[in-house]
Amino acid sequence: MEKVDICTASKNYSVYIGPDIIHLLSNSLAEYTKVMIITDETVSELHIGKIIEQFPELIVYTTPSGEKAKTFQIYEDCLSFALKHGLDRKSVILAFGGGAVGDLAGFVAATYMRGIPFIQIPTTILAHDSAVGGKVAINHSLGKNMVGAFYQPEMVIYDTNFLHSLPERQVRSGFAEVIKHGLIADPIFLQELMENLSSLNHLNNIQLSNYLKKGIEIKSAFVSKDEKETGIRAYLNFGHTLGHAIEAKADFGKLTHGESVMCGMVYALILSNNILGLTFDIQSFIQWIEKLGYKWRIPSYMEFDTLYELMKRDKKSTSGKPAFVLLKEIGKPMMMEVEKSLLEDTFYKLSE
């Protein structure tokens, strides 16, 4: 088992990573009056029995799978469910699922009775990023994660056994964030990935735990210095300005988060080359991600003007001007506004 300690201004907690570690919940739940678990239909069908058999007193709320969980209606339903079952301020919520469930459950915990504890139990690779750092939110029809809070969990239990049931598409989606961490913070880690990883289909537990731990450590370094994203934590959004716009235009689910962000990262790399003179071999990077199964071109049915309006609403943007995380070098990000004409020109060069 691996352990990463997360230190923020509001709370310190630990992330535990490895196979067969769900038993760590046993000691953690004894202090709470009631335990409510929020999960989704897919995870419930595959894994909920493993939790219920250990903790039969759990109260379970099941959401739709994916981004459909992060709506105002589902959020209200979770609050109503908690109230009807008598959760109080000494109760706890367990977020058992992927990034969407973690975002929703964390926001429910942050706002129920002005805040009760929650524990993250991620079941996807993507959640190595979203389960750490305390960003919790639901979506608005005009943008992803527009209604939310910064609210840290009590702990994160990352049992890698749950990852074995992931379909290939979800493995790719989650691993895009691992690649992102290398791009923004660690050129040696990125080089290791590019040289040693030619397929995502045969990752063993040791490899996966090591890669996930490295990604979490990189994220922790940013979060510990800037918990509420007033500065350098925004660098973790590399690829997300366009990525979130693509995801929203695809109606939150038709394209996965990682698929959308990978398009956004290639876009940002090309902008970085054009604006900042980034010398990274982008063509070799594209060839590598293609081997891993990623598509990096912007879907042909998406129009620039529509996505530009969505990018202007991105939380990093100010005064209606899109702001992008770009790279001076691999591992050296910076934030800057980019002229619309260059954004449009680059957009159509990447369009299918």
# chains A, B, ... in the order shown; residues from 1 in each chain; ligands from 1
call {"tool": "residues_around", "arguments": {"residues": "segment 109-118 of chain A", "least_positions_apart": "5", "cutoff": "6 Å", "atoms": "only C-alpha atoms", "output": "PyMOL selection string"}}
result
chain A and resi 89+92-94+153-154
call {"tool": "write_last_selection", "arguments": {"atoms": "N, CA and C atoms", "output": "PDB file, in the first residue's frame"}}
result
ATOM      1  N   ARG A  89     -25.022  16.371  11.885  1.00  0.00           N
ATOM      2  CA  ARG A  89     -23.696  16.926  11.664  1.00  0.00           C
ATOM      3  C   ARG A  89     -22.573  15.977  12.051  1.00  0.00           C
ATOM      4  N   VAL A  92     -21.575  10.989   8.101  1.00  0.00           N
ATOM      5  CA  VAL A  92     -20.550  11.064   7.062  1.00  0.00           C
ATOM      6  C   VAL A  92     -21.132  10.579   5.737  1.00  0.00           C
ATOM      7  N   ILE A  93     -20.642  11.148   4.641  1.00  0.00           N
ATOM      8  CA  ILE A  93     -21.024  10.709   3.300  1.00  0.00           C
ATOM      9  C   ILE A  93     -19.820  10.050   2.649  1.00  0.00           C
ATOM     10  N   LEU A  94     -20.044   8.898   2.042  1.00  0.00           N
ATOM     11  CA  LEU A  94     -19.011   8.207   1.282  1.00  0.00           C
ATOM     12  C   LEU A  94     -19.266   8.425  -0.207  1.00  0.00           C
ATOM     13  N   PRO A 153     -11.924  16.202   1.661  1.00  0.00           N
ATOM     14  CA  PRO A 153     -12.418  14.982   2.314  1.00  0.00           C
ATOM     15  C   PRO A 153     -11.648  14.686   3.593  1.00  0.00           C
ATOM     16  N   GLU A 154     -12.156  13.741   4.356  1.00  0.00           N
ATOM     17  CA  GLU A 154     -11.457  13.279   5.555  1.00  0.00           C
ATOM     18  C   GLU A 154     -10.296  12.360   5.179  1.00  0.00           C
TER      19      GLU A 154
END
call {"tool": "residues_around", "arguments": {"residues": "Ala9 of chain A", "least_positions_apart": "6", "cutoff": "10 Å", "atoms": "only C-alpha atoms", "output": "number ranges by chain"}}
result
A: 223-228
call {"tool": "closest_atom_pairs", "arguments": {"of": "segment 274-310 of chain A", "to": "segment 164-182 of chain A", "cutoff": "12 Å", "atoms": "only C-alpha atoms", "output": "CSV"}}
result
residue,atom,partner,partner_atom,distance
A:Phe285,CA,A:Ile179,CA,10.5
A:Trp288,CA,A:Ile179,CA,11.2
A:Ile289,CA,A:Ala176,CA,9.3
A:Glu290,CA,A:Arg172,CA,11.1
A:Lys291,CA,A:Arg172,CA,11.3
A:Leu292,CA,A:Arg172,CA,7.6
A:Gly293,CA,A:Arg172,CA,7.4
A:Tyr294,CA,A:Arg172,CA,7.3
A:Lys295,CA,A:Arg172,CA,10.4
A:Trp296,CA,A:Ala176,CA,11.2
call {"tool": "write_last_selection", "arguments": {"atoms": "all heavy atoms", "output": "tab-separated table (two decimals), in the first residue's frame"}}
result
chain	number	residue	atom	x	y	z
A	285	PHE	N	4.70	13.22	-29.58
A	285	PHE	CA	3.68	13.09	-28.54
A	285	PHE	C	2.35	12.62	-29.15
A	285	PHE	O	1.71	11.71	-28.62
A	285	PHE	CB	3.48	14.44	-27.83
A	285	PHE	CG	2.39	14.42	-26.78
A	285	PHE	CD1	2.64	13.90	-25.52
A	285	PHE	CD2	1.13	14.94	-27.06
A	285	PHE	CE1	1.64	13.90	-24.55
A	285	PHE	CE2	0.14	14.93	-26.10
A	285	PHE	CZ	0.39	14.41	-24.83
A	288	TRP	N	2.48	9.03	-30.04
A	288	TRP	CA	2.41	8.18	-28.84
A	288	TRP	C	0.97	8.06	-28.33
A	288	TRP	O	0.50	6.95	-28.06
A	288	TRP	CB	3.32	8.76	-27.76
A	288	TRP	CG	3.22	8.06	-26.43
A	288	TRP	CD1	3.48	6.75	-26.17
A	288	TRP	CD2	2.81	8.64	-25.19
A	288	TRP	NE1	3.28	6.47	-24.84
A	288	TRP	CE2	2.87	7.63	-24.22
A	288	TRP	CE3	2.44	9.94	-24.81
A	288	TRP	CZ2	2.56	7.85	-22.88
A	288	TRP	CZ3	2.13	10.17	-23.47
A	288	TRP	CH2	2.18	9.13	-22.52
A	289	ILE	N	0.27	9.17	-28.22
A	289	ILE	CA	-1.10	9.08	-27.70
A	289	ILE	C	-2.01	8.34	-28.67
A	289	ILE	O	-2.98	7.68	-28.25
A	289	ILE	CB	-1.68	10.47	-27.33
A	289	ILE	CG1	-1.77	11.39	-28.54
A	289	ILE	CG2	-0.89	11.10	-26.17
A	289	ILE	CD1	-2.48	12.72	-28.25
A	290	GLU	N	-1.73	8.42	-29.96
A	290	GLU	CA	-2.50	7.63	-30.93
A	290	GLU	C	-2.30	6.14	-30.68
A	290	GLU	O	-3.25	5.35	-30.75
A	290	GLU	CB	-2.10	7.98	-32.36
A	290	GLU	CG	-2.65	9.32	-32.84
A	290	GLU	CD	-2.22	9.66	-34.25
A	290	GLU	OE1	-1.20	9.08	-34.72
A	290	GLU	OE2	-2.86	10.51	-34.89
A	291	LYS	N	-1.07	5.72	-30.34
A	291	LYS	CA	-0.82	4.32	-30.00
A	291	LYS	C	-1.62	3.89	-28.77
A	291	LYS	O	-2.03	2.74	-28.65
A	291	LYS	CB	0.67	4.10	-29.73
A	291	LYS	CG	1.55	4.10	-30.96
A	291	LYS	CD	3.00	3.83	-30.57
A	291	LYS	CE	3.92	3.89	-31.78
A	291	LYS	NZ	5.35	3.71	-31.39
A	292	LEU	N	-1.82	4.83	-27.85
A	292	LEU	CA	-2.59	4.53	-26.65
A	292	LEU	C	-4.09	4.55	-26.90
A	292	LEU	O	-4.88	4.24	-26.00
A	292	LEU	CB	-2.24	5.54	-25.54
A	292	LEU	CG	-0.79	5.56	-25.05
A	292	LEU	CD1	-0.61	6.57	-23.92
A	292	LEU	CD2	-0.32	4.17	-24.61
A	293	GLY	N	-4.48	4.94	-28.11
A	293	GLY	CA	-5.89	4.90	-28.47
A	293	GLY	C	-6.62	6.22	-28.40
A	293	GLY	O	-7.85	6.26	-28.57
A	294	TYR	N	-5.91	7.32	-28.18
A	294	TYR	CA	-6.57	8.62	-28.07
A	294	TYR	C	-6.84	9.22	-29.45
A	294	TYR	O	-6.04	9.09	-30.38
A	294	TYR	CB	-5.69	9.60	-27.29
A	294	TYR	CG	-5.56	9.29	-25.83
A	294	TYR	CD1	-4.43	8.64	-25.34
A	294	TYR	CD2	-6.56	9.64	-24.93
A	294	TYR	CE1	-4.29	8.35	-23.99
A	294	TYR	CE2	-6.44	9.35	-23.58
A	294	TYR	CZ	-5.30	8.70	-23.12
A	294	TYR	OH	-5.18	8.41	-21.78
A	295	LYS	N	-7.97	9.91	-29.54
A	295	LYS	CA	-8.24	10.79	-30.66
A	295	LYS	C	-7.99	12.21	-30.19
A	295	LYS	O	-8.41	12.58	-29.09
A	295	LYS	CB	-9.68	10.63	-31.14
A	295	LYS	CG	-9.99	9.25	-31.70
A	295	LYS	CD	-11.44	9.14	-32.15
A	295	LYS	CE	-11.71	7.75	-32.72
A	295	LYS	NZ	-13.12	7.60	-33.15
A	296	TRP	N	-7.29	12.98	-30.99
A	296	TRP	CA	-6.89	14.32	-30.53
A	296	TRP	C	-7.44	15.44	-31.40
A	296	TRP	O	-7.30	16.61	-31.06
A	296	TRP	CB	-5.37	14.41	-30.50
A	296	TRP	CG	-4.72	14.02	-31.79
A	296	TRP	CD1	-4.36	12.76	-32.17
A	296	TRP	CD2	-4.37	14.88	-32.87
A	296	TRP	NE1	-3.80	12.78	-33.43
A	296	TRP	CE2	-3.79	14.08	-33.88
A	296	TRP	CE3	-4.48	16.26	-33.08
A	296	TRP	CZ2	-3.33	14.60	-35.08
A	296	TRP	CZ3	-4.01	16.79	-34.27
A	296	TRP	CH2	-3.45	15.97	-35.26
call {"tool": "residues_around", "arguments": {"residues": "segment 314-316 of chain A", "least_positions_apart": "4", "cutoff": "12 Å", "atoms": "only C-alpha atoms", "output": "PyMOL selection string"}}
result
chain A and resi 142-148+229-246+248+307-310+320-325+335-337
call {"tool": "write_last_selection", "arguments": {"atoms": "N, CA and C atoms", "output": "JSON list (two decimals), in the first residue's frame"}}
result
[["chain", "number", "residue", "atom", "x", "y", "z"],
["A", 142, "LEU", "N", -24.93, 25.94, -18.76],
["A", 142, "LEU", "CA", -24.04, 26.84, -19.49],
["A", 142, "LEU", "C", -22.56, 26.58, -19.21],
["A", 143, "GLY", "N", -22.25, 25.55, -18.43],
["A", 143, "GLY", "CA", -20.85, 25.27, -18.17],
["A", 143, "GLY", "C", -20.64, 24.17, -17.15],
["A", 144, "LYS", "N", -19.50, 23.50, -17.26],
["A", 144, "LYS", "CA", -19.16, 22.38, -16.37],
["A", 144, "LYS", "C", -18.62, 22.90, -15.04],
["A", 145, "ASN", "N", -19.08, 22.30, -13.94],
["A", 145, "ASN", "CA", -18.58, 22.59, -12.60],
["A", 145, "ASN", "C", -18.74, 24.06, -12.20],
["A", 146, "MET", "N", -19.79, 24.69, -12.67],
["A", 146, "MET", "CA", -19.99, 26.12, -12.40],
["A", 146, "MET", "C", -20.59, 26.39, -11.02],
["A", 147, "VAL", "N", -21.11, 25.35, -10.36],
["A", 147, "VAL", "CA", -21.72, 25.52, -9.04],
["A", 147, "VAL", "C", -21.02, 24.55, -8.09],
["A", 148, "GLY", "N", -20.21, 25.08, -7.18],
["A", 148, "GLY", "CA", -19.45, 24.17, -6.35],
["A", 148, "GLY", "C", -18.73, 24.87, -5.21],
["A", 229, "GLU", "N", -7.24, 27.88, -5.58],
["A", 229, "GLU", "CA", -6.99, 28.22, -6.98],
["A", 229, "GLU", "C", -6.99, 29.72, -7.24],
["A", 230, "THR", "N", -6.23, 30.43, -6.44],
["A", 230, "THR", "CA", -6.04, 31.86, -6.70],
["A", 230, "THR", "C", -4.78, 32.12, -7.51],
["A", 231, "GLY", "N", -4.00, 31.06, -7.74],
["A", 231, "GLY", "CA", -2.75, 31.22, -8.47],
["A", 231, "GLY", "C", -2.36, 29.94, -9.18],
["A", 232, "ILE", "N", -1.29, 29.27, -8.68],
["A", 232, "ILE", "CA", -0.68, 28.18, -9.44],
["A", 232, "ILE", "C", -1.55, 26.92, -9.55],
["A", 233, "ARG", "N", -2.52, 26.75, -8.68],
["A", 233, "ARG", "CA", -3.37, 25.55, -8.81],
["A", 233, "ARG", "C", -4.09, 25.53, -10.16],
["A", 234, "ALA", "N", -4.32, 26.69, -10.73],
["A", 234, "ALA", "CA", -4.97, 26.76, -12.04],
["A", 234, "ALA", "C", -4.17, 26.04, -13.12],
["A", 235, "TYR", "N", -2.86, 25.83, -12.88],
["A", 235, "TYR", "CA", -2.05, 25.11, -13.87],
["A", 235, "TYR", "C", -2.53, 23.67, -14.06],
["A", 236, "LEU", "N", -3.22, 23.14, -13.05],
["A", 236, "LEU", "CA", -3.77, 21.79, -13.15],
["A", 236, "LEU", "C", -4.88, 21.71, -14.20],
["A", 237, "ASN", "N", -5.31, 22.87, -14.69],
["A", 237, "ASN", "CA", -6.35, 22.91, -15.72],
["A", 237, "ASN", "C", -5.76, 22.91, -17.13],
["A", 238, "PHE", "N", -4.51, 22.53, -17.28],
["A", 238, "PHE", "CA", -3.92, 22.43, -18.60],
["A", 238, "PHE", "C", -4.79, 21.55, -19.50],
["A", 239, "GLY", "N", -5.18, 22.09, -20.65],
["A", 239, "GLY", "CA", -6.03, 21.35, -21.58],
["A", 239, "GLY", "C", -7.51, 21.44, -21.31],
["A", 240, "HIS", "N", -7.87, 22.05, -20.18],
["A", 240, "HIS", "CA", -9.27, 22.03, -19.76],
["A", 240, "HIS", "C", -10.09, 23.20, -20.31],
["A", 241, "THR", "N", -9.46, 24.27, -20.74],
["A", 241, "THR", "CA", -10.24, 25.40, -21.26],
["A", 241, "THR", "C", -11.02, 24.96, -22.49],
["A", 242, "LEU", "N", -10.33, 24.41, -23.46],
["A", 242, "LEU", "CA", -11.04, 23.84, -24.61],
["A", 242, "LEU", "C", -11.71, 22.52, -24.25],
["A", 243, "GLY", "N", -11.05, 21.71, -23.42],
["A", 243, "GLY", "CA", -11.59, 20.40, -23.06],
["A", 243, "GLY", "C", -12.97, 20.48, -22.45],
["A", 244, "HIS", "N", -13.16, 21.37, -21.49],
["A", 244, "HIS", "CA", -14.48, 21.52, -20.87],
["A", 244, "HIS", "C", -15.51, 22.03, -21.88],
["A", 245, "ALA", "N", -15.09, 22.90, -22.78],
["A", 245, "ALA", "CA", -16.01, 23.41, -23.80],
["A", 245, "ALA", "C", -16.47, 22.28, -24.72],
["A", 246, "ILE", "N", -15.53, 21.43, -25.14],
["A", 246, "ILE", "CA", -15.88, 20.27, -25.97],
["A", 246, "ILE", "C", -16.82, 19.34, -25.22],
["A", 248, "ALA", "N", -18.86, 20.05, -22.77],
["A", 248, "ALA", "CA", -20.18, 20.67, -22.63],
["A", 248, "ALA", "C", -20.95, 20.61, -23.94],
["A", 307, "LEU", "N", -17.83, 27.07, -29.30],
["A", 307, "LEU", "CA", -16.89, 26.69, -28.25],
["A", 307, "LEU", "C", -16.18, 27.91, -27.67],
["A", 308, "TYR", "N", -15.99, 28.93, -28.48],
["A", 308, "TYR", "CA", -15.36, 30.15, -27.98],
["A", 308, "TYR", "C", -16.22, 30.78, -26.88],
["A", 309, "GLU", "N", -17.54, 30.80, -27.08],
["A", 309, "GLU", "CA", -18.43, 31.34, -26.05],
["A", 309, "GLU", "C", -18.34, 30.53, -24.76],
["A", 310, "LEU", "N", -18.23, 29.21, -24.90],
["A", 310, "LEU", "CA", -18.07, 28.36, -23.71],
["A", 310, "LEU", "C", -16.72, 28.61, -23.04],
["A", 320, "GLY", "N", -14.48, 38.25, -19.79],
["A", 320, "GLY", "CA", -14.97, 37.63, -21.01],
["A", 320, "GLY", "C", -13.89, 37.21, -21.99],
["A", 321, "LYS", "N", -12.63, 37.11, -21.52],
["A", 321, "LYS", "CA", -11.54, 36.70, -22.40],
["A", 321, "LYS", "C", -11.00, 35.34, -21.95],
["A", 322, "PRO", "N", -10.96, 34.36, -22.85],
["A", 322, "PRO", "CA", -10.47, 33.03, -22.46],
["A", 322, "PRO", "C", -9.02, 33.08, -21.99],
["A", 323, "ALA", "N", -8.75, 32.39, -20.90],
["A", 323, "ALA", "CA", -7.39, 32.27, -20.38],
["A", 323, "ALA", "C", -6.94, 30.82, -20.51],
["A", 324, "PHE", "N", -5.71, 30.62, -20.92],
["A", 324, "PHE", "CA", -5.20, 29.28, -21.15],
["A", 324, "PHE", "C", -3.96, 29.02, -20.32],
["A", 325, "VAL", "N", -3.83, 27.78, -19.85],
["A", 325, "VAL", "CA", -2.57, 27.31, -19.29],
["A", 325, "VAL", "C", -1.72, 26.86, -20.47],
["A", 335, "MET", "N", -0.02, 31.07, -17.22],
["A", 335, "MET", "CA", -1.38, 31.42, -17.62],
["A", 335, "MET", "C", -1.34, 32.67, -18.48],
["A", 336, "MET", "N", -2.11, 32.66, -19.57],
["A", 336, "MET", "CA", -2.19, 33.87, -20.38],
["A", 336, "MET", "C", -3.44, 33.88, -21.24],
["A", 337, "GLU", "N", -3.87, 35.08, -21.59],
["A", 337, "GLU", "CA", -4.96, 35.24, -22.55],
["A", 337, "GLU", "C", -4.40, 35.08, -23.95]]
call {"tool": "residues_around", "arguments": {"residues": "Thr63 of chain A", "least_positions_apart": "3", "cutoff": "7 Å", "atoms": "only C-alpha atoms", "output": "list in words"}}
result
Thr39, Asp40, Glu41 and Ala69 of chain A
call {"tool": "select_by_dssp", "arguments": {"residues": "segment 80-183 of chain A", "states": "helix (DSSP H, G or I)", "output": "PyMOL selection string"}}
result
chain A and resi 80-84+99-114+127-130+160-165+168-183
call {"tool": "select_by_dssp", "arguments": {"residues": "segment 106-294 of chain A", "states": "strand (DSSP E)", "output": "number ranges by chain"}}
result
A: 118-122, 135-140, 143-150, 156-159
call {"tool": "write_last_selection", "arguments": {"atoms": "N, CA and C atoms", "output": "PDB file, in the first residue's frame"}}
result
ATOM      1  N   PHE A 118     -16.915  13.950   4.583  1.00  0.00           N
ATOM      2  CA  PHE A 118     -17.074  12.933   3.545  1.00  0.00           C
ATOM      3  C   PHE A 118     -15.747  12.256   3.267  1.00  0.00           C
ATOM      4  N   ILE A 119     -15.839  11.042   2.748  1.00  0.00           N
ATOM      5  CA  ILE A 119     -14.675  10.216   2.431  1.00  0.00           C
ATOM      6  C   ILE A 119     -14.765   9.818   0.966  1.00  0.00           C
ATOM      7  N   GLN A 120     -13.658   9.947   0.263  1.00  0.00           N
ATOM      8  CA  GLN A 120     -13.609   9.570  -1.144  1.00  0.00           C
ATOM      9  C   GLN A 120     -13.151   8.111  -1.281  1.00  0.00           C
ATOM     10  N   ILE A 121     -13.922   7.324  -2.040  1.00  0.00           N
ATOM     11  CA  ILE A 121     -13.539   5.952  -2.386  1.00  0.00           C
ATOM     12  C   ILE A 121     -13.600   5.856  -3.908  1.00  0.00           C
ATOM     13  N   PRO A 122     -12.538   6.273  -4.596  1.00  0.00           N
ATOM     14  CA  PRO A 122     -12.575   6.316  -6.059  1.00  0.00           C
ATOM     15  C   PRO A 122     -12.578   4.920  -6.686  1.00  0.00           C
ATOM     16  N   LYS A 135     -11.958  19.947  -4.759  1.00  0.00           N
ATOM     17  CA  LYS A 135     -12.888  20.606  -5.674  1.00  0.00           C
ATOM     18  C   LYS A 135     -14.146  19.753  -5.788  1.00  0.00           C
ATOM     19  N   VAL A 136     -15.281  20.314  -5.436  1.00  0.00           N
ATOM     20  CA  VAL A 136     -16.551  19.593  -5.519  1.00  0.00           C
ATOM     21  C   VAL A 136     -17.559  20.494  -6.237  1.00  0.00           C
ATOM     22  N   ALA A 137     -18.431  19.896  -7.051  1.00  0.00           N
ATOM     23  CA  ALA A 137     -19.282  20.745  -7.885  1.00  0.00           C
ATOM     24  C   ALA A 137     -20.348  19.940  -8.604  1.00  0.00           C
ATOM     25  N   ILE A 138     -21.342  20.676  -9.121  1.00  0.00           N
ATOM     26  CA  ILE A 138     -22.284  20.139 -10.090  1.00  0.00           C
ATOM     27  C   ILE A 138     -22.238  21.036 -11.324  1.00  0.00           C
ATOM     28  N   ASN A 139     -22.844  20.553 -12.405  1.00  0.00           N
ATOM     29  CA  ASN A 139     -22.807  21.285 -13.670  1.00  0.00           C
ATOM     30  C   ASN A 139     -24.009  22.217 -13.819  1.00  0.00           C
ATOM     31  N   HIS A 140     -23.816  23.241 -14.610  1.00  0.00           N
ATOM     32  CA  HIS A 140     -24.889  24.114 -15.053  1.00  0.00           C
ATOM     33  C   HIS A 140     -25.040  23.922 -16.558  1.00  0.00           C
ATOM     34  N   GLY A 143     -22.254  25.550 -18.429  1.00  0.00           N
ATOM     35  CA  GLY A 143     -20.849  25.274 -18.175  1.00  0.00           C
ATOM     36  C   GLY A 143     -20.641  24.172 -17.150  1.00  0.00           C
ATOM     37  N   LYS A 144     -19.502  23.498 -17.261  1.00  0.00           N
ATOM     38  CA  LYS A 144     -19.164  22.384 -16.368  1.00  0.00           C
ATOM     39  C   LYS A 144     -18.623  22.900 -15.041  1.00  0.00           C
ATOM     40  N   ASN A 145     -19.078  22.305 -13.944  1.00  0.00           N
ATOM     41  CA  ASN A 145     -18.575  22.594 -12.596  1.00  0.00           C
ATOM     42  C   ASN A 145     -18.735  24.059 -12.202  1.00  0.00           C
ATOM     43  N   MET A 146     -19.793  24.694 -12.673  1.00  0.00           N
ATOM     44  CA  MET A 146     -19.986  26.118 -12.396  1.00  0.00           C
ATOM     45  C   MET A 146     -20.595  26.387 -11.023  1.00  0.00           C
ATOM     46  N   VAL A 147     -21.114  25.354 -10.358  1.00  0.00           N
ATOM     47  CA  VAL A 147     -21.719  25.524  -9.037  1.00  0.00           C
ATOM     48  C   VAL A 147     -21.018  24.551  -8.090  1.00  0.00           C
ATOM     49  N   GLY A 148     -20.206  25.079  -7.185  1.00  0.00           N
ATOM     50  CA  GLY A 148     -19.446  24.170  -6.349  1.00  0.00           C
ATOM     51  C   GLY A 148     -18.729  24.865  -5.210  1.00  0.00           C
ATOM     52  N   ALA A 149     -17.763  24.157  -4.642  1.00  0.00           N
ATOM     53  CA  ALA A 149     -17.044  24.672  -3.473  1.00  0.00           C
ATOM     54  C   ALA A 149     -15.671  24.009  -3.409  1.00  0.00           C
ATOM     55  N   PHE A 150     -14.814  24.539  -2.533  1.00  0.00           N
ATOM     56  CA  PHE A 150     -13.582  23.858  -2.155  1.00  0.00           C
ATOM     57  C   PHE A 150     -13.849  23.221  -0.794  1.00  0.00           C
ATOM     58  N   VAL A 156      -8.910   9.595   1.554  1.00  0.00           N
ATOM     59  CA  VAL A 156      -9.187   8.980   0.258  1.00  0.00           C
ATOM     60  C   VAL A 156      -8.671   7.552   0.309  1.00  0.00           C
ATOM     61  N   ILE A 157      -9.553   6.584   0.054  1.00  0.00           N
ATOM     62  CA  ILE A 157      -9.168   5.177   0.012  1.00  0.00           C
ATOM     63  C   ILE A 157      -9.268   4.726  -1.440  1.00  0.00           C
ATOM     64  N   TYR A 158      -8.107   4.511  -2.051  1.00  0.00           N
ATOM     65  CA  TYR A 158      -8.036   4.242  -3.486  1.00  0.00           C
ATOM     66  C   TYR A 158      -7.661   2.773  -3.686  1.00  0.00           C
ATOM     67  N   ASP A 159      -8.664   1.902  -3.578  1.00  0.00           N
ATOM     68  CA  ASP A 159      -8.446   0.466  -3.734  1.00  0.00           C
ATOM     69  C   ASP A 159      -8.369   0.141  -5.222  1.00  0.00           C
TER      70      ASP A 159
END
call {"tool": "atom_distance", "arguments": {"atom1": "atom CA of Ser319 of chain A", "atom2": "atom CA of Lys349 of chain A"}}
result
26.9 Å
call {"tool": "residues_around", "arguments": {"residues": "segment 199-212 of chain A", "least_positions_apart": "3", "cutoff": "7 Å", "atoms": "only C-alpha atoms", "output": "PyMOL selection string"}}
result
chain A and resi 17-18+128+215-216+291-292
call {"tool": "atom_distance", "arguments": {"atom1": "atom CA of Glu67 of chain A", "atom2": "atom CA of Asp129 of chain A"}}
result
15.9 Å
call {"tool": "residues_around", "arguments": {"residues": "Leu343 of chain A", "least_positions_apart": "6", "cutoff": "9 Å", "atoms": "only C-alpha atoms", "output": "PyMOL selection string"}}
result
chain A and resi 267+271+304+308
call {"tool": "closest_residue", "arguments": {"among": "A:Leu87, A:Thr160, A:Pro299, A:Ile275", "to": "Glu339 of chain A", "atoms": "only C-alpha atoms"}}
result
A:Ile275
call {"tool": "closest_residue", "arguments": {"among": "A:Ser317, A:Glu45, A:Lys328, A:His257", "to": "Phe280 of chain A", "atoms": "only C-alpha atoms"}}
result
A:Lys328
call {"tool": "atom_distance", "arguments": {"atom1": "atom CA of Met262 of chain A", "atom2": "atom CA of Ile282 of chain A"}}
result
12.9 Å
call {"tool": "residues_around", "arguments": {"residues": "Lys68 of chain A", "least_positions_apart": "2", "cutoff": "12 Å", "atoms": "only C-alpha atoms", "output": "list in words"}}
result
Asp40, Glu41, Thr62, Thr63, Pro64, Ser65, Gly66, Lys70, Thr71, Phe72, Gln73, Ile74, Tyr75, Gly99, Ala100, Val101, Asp103, Leu104, Ile138, Asn139, His140, Ser141, Lys144, Ala248, Asp251, Phe252, Gly253 and Lys254 of chain A
call {"tool": "closest_residue", "arguments": {"among": "A:Asn274, A:Lys332, A:Glu53, A:Ile125", "to": "Asp186 of chain A", "atoms": "only C-alpha atoms"}}
result
A:Lys332
